[in-house]
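Participant: Quick one: structure below, then a few questions.
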Amino acid sequence: MTKIVFIEPDGTQKTVEALEGASLMLAATMGGVEGIAAECGGNCVCATCHCLVLEGPVESLSEMGEDEKDTLEFSAEKIFENSRLTCQLEACPEMDGLVFKVVGK
Amino acid sequence: MAGIVIIGAGHAGTQAAASLREGGYAGALTLVSADHDLPYHKPPLSKSFMKTADTPLQPLRGPSYFSDKNIDLRLGETVTAVDAGAKSVAFADGQTLAYDKLVLALGTVARQLDVPGAKLGGVVCLRTADDARRMRARLSGVSSAVVIGGGFIGLETAAMLNARGISVVVLEAAPEVLGRAVSAQTAATVREGLVASGVTVHRGATLERISGQGGQVQAVVTGDGQSIPADLVIVGIGAIPVTDLAETAGLAVENGILVDGAMRTNDPDIFAIGDCVSFPQAQIGQRVRLESVQNATDQARAVAQTLKGKPEPFTALPWFWSDIGEMKLQIAGLNHGATRQIVCLGETGVRAVFHMRDGALAAVETLNEPGIHMLSRRLLALGITPEEGQMTAGDLAGMKQLLRERVPA
Ligand SMILES: Cc1cc2nc3c(=O)[nH]c(=O)nc-3n(C[C@H](O)[C@H](O)[C@H](O)COP(=O)(O)OP(=O)(O)OC[C@H]3O[C@@H](n4cnc5c(N)ncnc54)[C@H](O)[C@@H]3O)c2cc1C
Ligand code: FES
């Protein structure tokens, strides 16, 4: 099982299990992670699944696609070098141990 | 303390419960839904949920969320009446539940078809997970389908069925699909895209009856006498706001439950949000009822603020998406009262349509242009109108510059 750590807006740390092939946003939702509204259900249009990649096997993350870049860039929230939309990240075993900080909305 | 009771656990009710807890409300909180499924995303029902026979529902929150947050989630329970005087709601089984504050988040029901044969087996609509499961269970035996109504759900379903190799005919009564929801140019591009992928679209089509045998649908007969074979008929002729409970409570209703800009009804202890309300819309300065996830969730956040005693004017910019096969249609703002359309064309028709109202940008529709959509949401929220040349060229870099002049990255 791939374990992913999310740090919620209030600092609470939650470890969730991600199913291979499903998005990290879904893993966070199912695991009850706070602050990820995932309003568009993973359509890459709401940016409410925005997280920062903090540490772990970051090389396992896929390159950002154009849609994700645009959605992040023009969302109303401030974005950072390590910003990602977790609905665009498909879980794979290599991601085990990744740590994200929730930005959300 | 009876606390806050929310009726309806769709996108609006579920977000309202979550926002109340996030905002620090610690009192009793009950979330009631007639639906028996754990609250789920509705948009996938006409899209990804149909792809395979066992795609699961996509829950809005994880299974332990509600108990973790001390939200009393009561699934599969229908509220039959609201007694505003006694401040309690009654359930179908006769039980009652008291409230201090009540939030109605009742959504819509599908408009029913009123022609002979409308009740035949295989004539379905698509609003709930149960509807979607029923439809999905039939698909393996279906070779031809008729979709009645060329609105968003109808066209999404048509594209999805077509992609599964089913032959699909869409019947639209109006001269063009998608009605007033989008510009004629965008609607035409969407229709042409569907036709190019193999869907048949009949416009200006009237419906005479649905014929069948042994209780099962066989064909749809149009007003001009054509009989179109179908072993599945999807009725997508719009939705009606659920207002019956509001009427039992004596609330004002007119195309939805009437609320003010802070989601208050005319009863000081009852609030309403989402698809079932008519509210004063800030950008267009008139009442509307909207059916979208964004509207439901933003109104949910607004009602949580109001219940906290800190009402804020509701000014959220409307936005919407619809995935029609490979076409990603996105809308930012509302085109009501727009008098001029500036069109940006690409190889396959419309890339973007910019609606102008009183010389200012009012709404933007895009097809497969998520960048322009996201940028437009920022521009609209800030009241920035790009130059005409930038709009006709779909000049993302130029329009981005306008945004950066106002808000540096
Ligand atoms: C197939 C489909 C595809 C869609 N696609 C999109 C899309 O791509 N993009 C988009 O923005 N929007 C889309 N929508 C619209 C979106 O789903 C709605 O706008 C949204 O669900 C509205 O949320 P709501 O909470 O107001 O209502 P709903 O989600 O409809 O929830 C209402 C809830 O109230 C409950 N209820 C009603 N009466 C009672 C009662 N008397 N007692 C107890 N419970 C009751 C119902 O059971 C239901 O759970 C789609 C809708 C459908 C059906
Ligand atoms: S869930 Fe909406 S952008 Fe990721």
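Just so we're on the same page: first chain in the structure tokens is A, next is B, and so on; residues restart at 1 for each chain, and ligands are numbered from 1 in the order they show up.
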Please report as JSON, numbers by chain which residues of chain A come no farther than 10 Å from chain B, using only C-alpha atoms.
Facilitator: {"A": [26, 27, 28, 29, 30, 31, 32, 33, 34, 35, 36, 37, 38, 39, 40, 41, 42, 43, 44, 45, 46, 47, 66, 67, 68, 69, 70, 71, 72, 73, 74, 75, 76, 78, 79]}
Participant: Could you find all residues in stretch 42-243 of chain B that DSSP calls strand (DSSP E) from the backbone, and write them as a PyMOL selection string?
Facilitator: chain B and resi 72-75+79-83+88-91+96-98+101-104+108-110+123-124+144-148+167-171+200-202+207-213+216-222+227-229+232-235+239-241
Participant: So which residues touch B:Val123 within 9 Å, counting only C-alpha atoms, skipping near sequence neighbours fewer than 5 positions away, as a ChimeraX atom specification?
Facilitator: /B:117-118,210,216-217,231-235
Participant: Got a sec: who's within 10 Å of B:Gly225, counting only C-alpha atoms, leaving out chain neighbours fewer than 3 positions off, as a list of chain:residue names?
Facilitator: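 With the cut-off at 10 Å, the set is B:Thr206, B:Leu207, B:Glu208, B:Arg209, B:Val220, B:Val221, B:Thr222, B:Ile228.
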Participant: For the selection just defined, write its residues with N, CA and C atoms to a file, as a PDB file, in the first residue's frame.
Facilitator:
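Saved as out_9.pdb:
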ATOM      1  N   THR B 206     -40.249  17.518 -32.581  1.00  0.00           N
ATOM      2  CA  THR B 206     -41.286  17.342 -31.564  1.00  0.00           C
ATOM      3  C   THR B 206     -41.497  15.857 -31.327  1.00  0.00           C
ATOM      4  N   LEU B 207     -42.107  15.578 -30.184  1.00  0.00           N
ATOM      5  CA  LEU B 207     -42.253  14.193 -29.760  1.00  0.00           C
ATOM      6  C   LEU B 207     -43.721  13.834 -29.766  1.00  0.00           C
ATOM      7  N   GLU B 208     -44.035  12.718 -30.407  1.00  0.00           N
ATOM      8  CA  GLU B 208     -45.435  12.299 -30.476  1.00  0.00           C
ATOM      9  C   GLU B 208     -45.710  11.284 -29.351  1.00  0.00           C
ATOM     10  N   ARG B 209     -44.929  10.230 -29.350  1.00  0.00           N
ATOM     11  CA  ARG B 209     -45.107   9.218 -28.310  1.00  0.00           C
ATOM     12  C   ARG B 209     -43.904   8.288 -28.293  1.00  0.00           C
ATOM     13  N   VAL B 220     -39.025   5.740 -30.566  1.00  0.00           N
ATOM     14  CA  VAL B 220     -39.549   7.066 -30.266  1.00  0.00           C
ATOM     15  C   VAL B 220     -40.163   7.600 -31.548  1.00  0.00           C
ATOM     16  N   VAL B 221     -41.428   8.029 -31.456  1.00  0.00           N
ATOM     17  CA  VAL B 221     -42.118   8.524 -32.649  1.00  0.00           C
ATOM     18  C   VAL B 221     -42.176  10.043 -32.579  1.00  0.00           C
ATOM     19  N   THR B 222     -41.637  10.708 -33.605  1.00  0.00           N
ATOM     20  CA  THR B 222     -41.581  12.171 -33.600  1.00  0.00           C
ATOM     21  C   THR B 222     -42.847  12.761 -34.226  1.00  0.00           C
ATOM     22  N   ILE B 228     -38.040   6.287 -34.528  1.00  0.00           N
ATOM     23  CA  ILE B 228     -36.601   6.075 -34.319  1.00  0.00           C
ATOM     24  C   ILE B 228     -36.422   4.927 -33.333  1.00  0.00           C
TER      25      ILE B 228
END
Participant: Any idea what's packed within 10 Å of B:Val190, counting only C-alpha atoms, ignoring anything in its chain fewer than 2 positions away? Could you give it as an MDAnalysis selection string?
Facilitator: chainID B and resid 155 177:178 184:188 192:196 324:325 327:329 348:350 367
Participant: Please give the complete set of residues from chain A that DSSP, run on the backbone, assigns to helix (DSSP H, G or I), formatted as number ranges by chain.
Facilitator: A: 24-30, 58-60, 66-74, 86-88, 93-95
Participant: In Å, with one decimal, what is the gap from atom CA of B:Ala352 to atom CA of B:Glu365?
Facilitator: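 Interatomic distance, atom CA of B:Ala352 to atom CA of B:Glu365: 5.4 Å.
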Participant: Between atom CA of B:Ala9 and atom 5 (N, counted along the ligand's line) of ligand 1, what is the distance in Å, rounded to a tenth?
Facilitator: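 Taking atom CA of B:Ala9 and atom 5 (N, counted along the ligand's line) of ligand 1, their separation equals 16.4 Å.
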Participant: Write out as a PDB file with C-alpha atoms, in the first residue's frame the residues lying within 9 Å of B:Gly151, counting only C-alpha atoms and excluding same-chain residues fewer than 5 positions away.
Facilitator:
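Once everything was written out, this is out_12.pdb:
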ATOM      1  CA  GLU B 156     -23.004  14.621 -22.011  1.00  0.00           C
ATOM      2  CA  GLU B 172     -34.050  18.845 -29.388  1.00  0.00           C
ATOM      3  CA  VAL B 177     -28.991  22.700 -28.597  1.00  0.00           C
ATOM      4  CA  LEU B 178     -28.049  24.097 -25.164  1.00  0.00           C
ATOM      5  CA  GLY B 179     -30.777  26.763 -25.244  1.00  0.00           C
ATOM      6  CA  ALA B 181     -27.137  28.627 -21.535  1.00  0.00           C
ATOM      7  CA  GLY B 236     -33.125  15.247 -20.212  1.00  0.00           C
ATOM      8  CA  ILE B 237     -35.663  18.022 -20.428  1.00  0.00           C
ATOM      9  CA  GLY B 238     -34.627  20.042 -17.438  1.00  0.00           C
TER      10      GLY B 238
END
Participant: Do you know which residues are within 7 Å of ligand 1 using only C-alpha atoms and all ligand atoms? Can you write them as a PyMOL selection string?
Facilitator: chain B and resi 7-13+32-35+42-46+77-80+105-108+126-128+153+242+245+273-276+291-294+296+320-323
Participant: List as a ChimeraX atom specification the protein and nucleic acid residues near A:Gln13, meaning an atom at most 10 Å away when only C-alpha atoms are counted, but skip any in the same chain fewer than 4 places from it.
Facilitator: /A:5-9,33,99-101
Participant: What does the file look like for those residues with N, CA, C and O atoms, as a CSV table (one decimal), in the first residue's frame?
Facilitator:
chain,number,residue,atom,x,y,z
A,5,VAL,N,1.3,11.3,3.3
A,5,VAL,CA,1.1,12.1,4.5
A,5,VAL,C,0.5,13.5,4.1
A,5,VAL,O,1.1,14.1,3.2
A,6,PHE,N,-0.5,13.9,4.7
A,6,PHE,CA,-1.0,15.3,4.5
A,6,PHE,C,-1.0,16.0,5.8
A,6,PHE,O,-1.5,15.5,6.8
A,7,ILE,N,-0.5,17.2,5.7
A,7,ILE,CA,-0.5,18.1,6.9
A,7,ILE,C,-1.7,19.1,6.7
A,7,ILE,O,-1.7,19.9,5.7
A,8,GLU,N,-2.7,19.0,7.6
A,8,GLU,CA,-3.9,19.8,7.4
A,8,GLU,C,-3.6,21.3,7.8
A,8,GLU,O,-2.6,21.6,8.4
A,9,PRO,N,-4.5,22.2,7.4
A,9,PRO,CA,-4.3,23.6,7.6
A,9,PRO,C,-3.9,23.9,9.1
A,9,PRO,O,-3.2,24.8,9.4
A,33,VAL,N,-9.0,13.8,5.1
A,33,VAL,CA,-8.1,15.0,5.2
A,33,VAL,C,-8.9,16.3,5.2
A,33,VAL,O,-9.7,16.5,4.3
A,99,VAL,N,5.1,13.6,1.4
A,99,VAL,CA,4.4,14.5,2.4
A,99,VAL,C,3.9,15.8,1.7
A,99,VAL,O,4.7,16.5,1.0
A,100,PHE,N,2.7,16.1,1.9
A,100,PHE,CA,2.0,17.3,1.3
A,100,PHE,C,1.5,18.2,2.4
A,100,PHE,O,1.1,17.7,3.5
A,101,LYS,N,1.5,19.5,2.1
A,101,LYS,CA,0.8,20.4,3.0
A,101,LYS,C,-0.4,20.9,2.3
A,101,LYS,O,-0.4,21.3,1.1
Participant: Rounded to one decimal, what separation in Å do you get between atom CA of B:Leu113 and atom CA of B:Pro241?
Facilitator: 16.1 Å
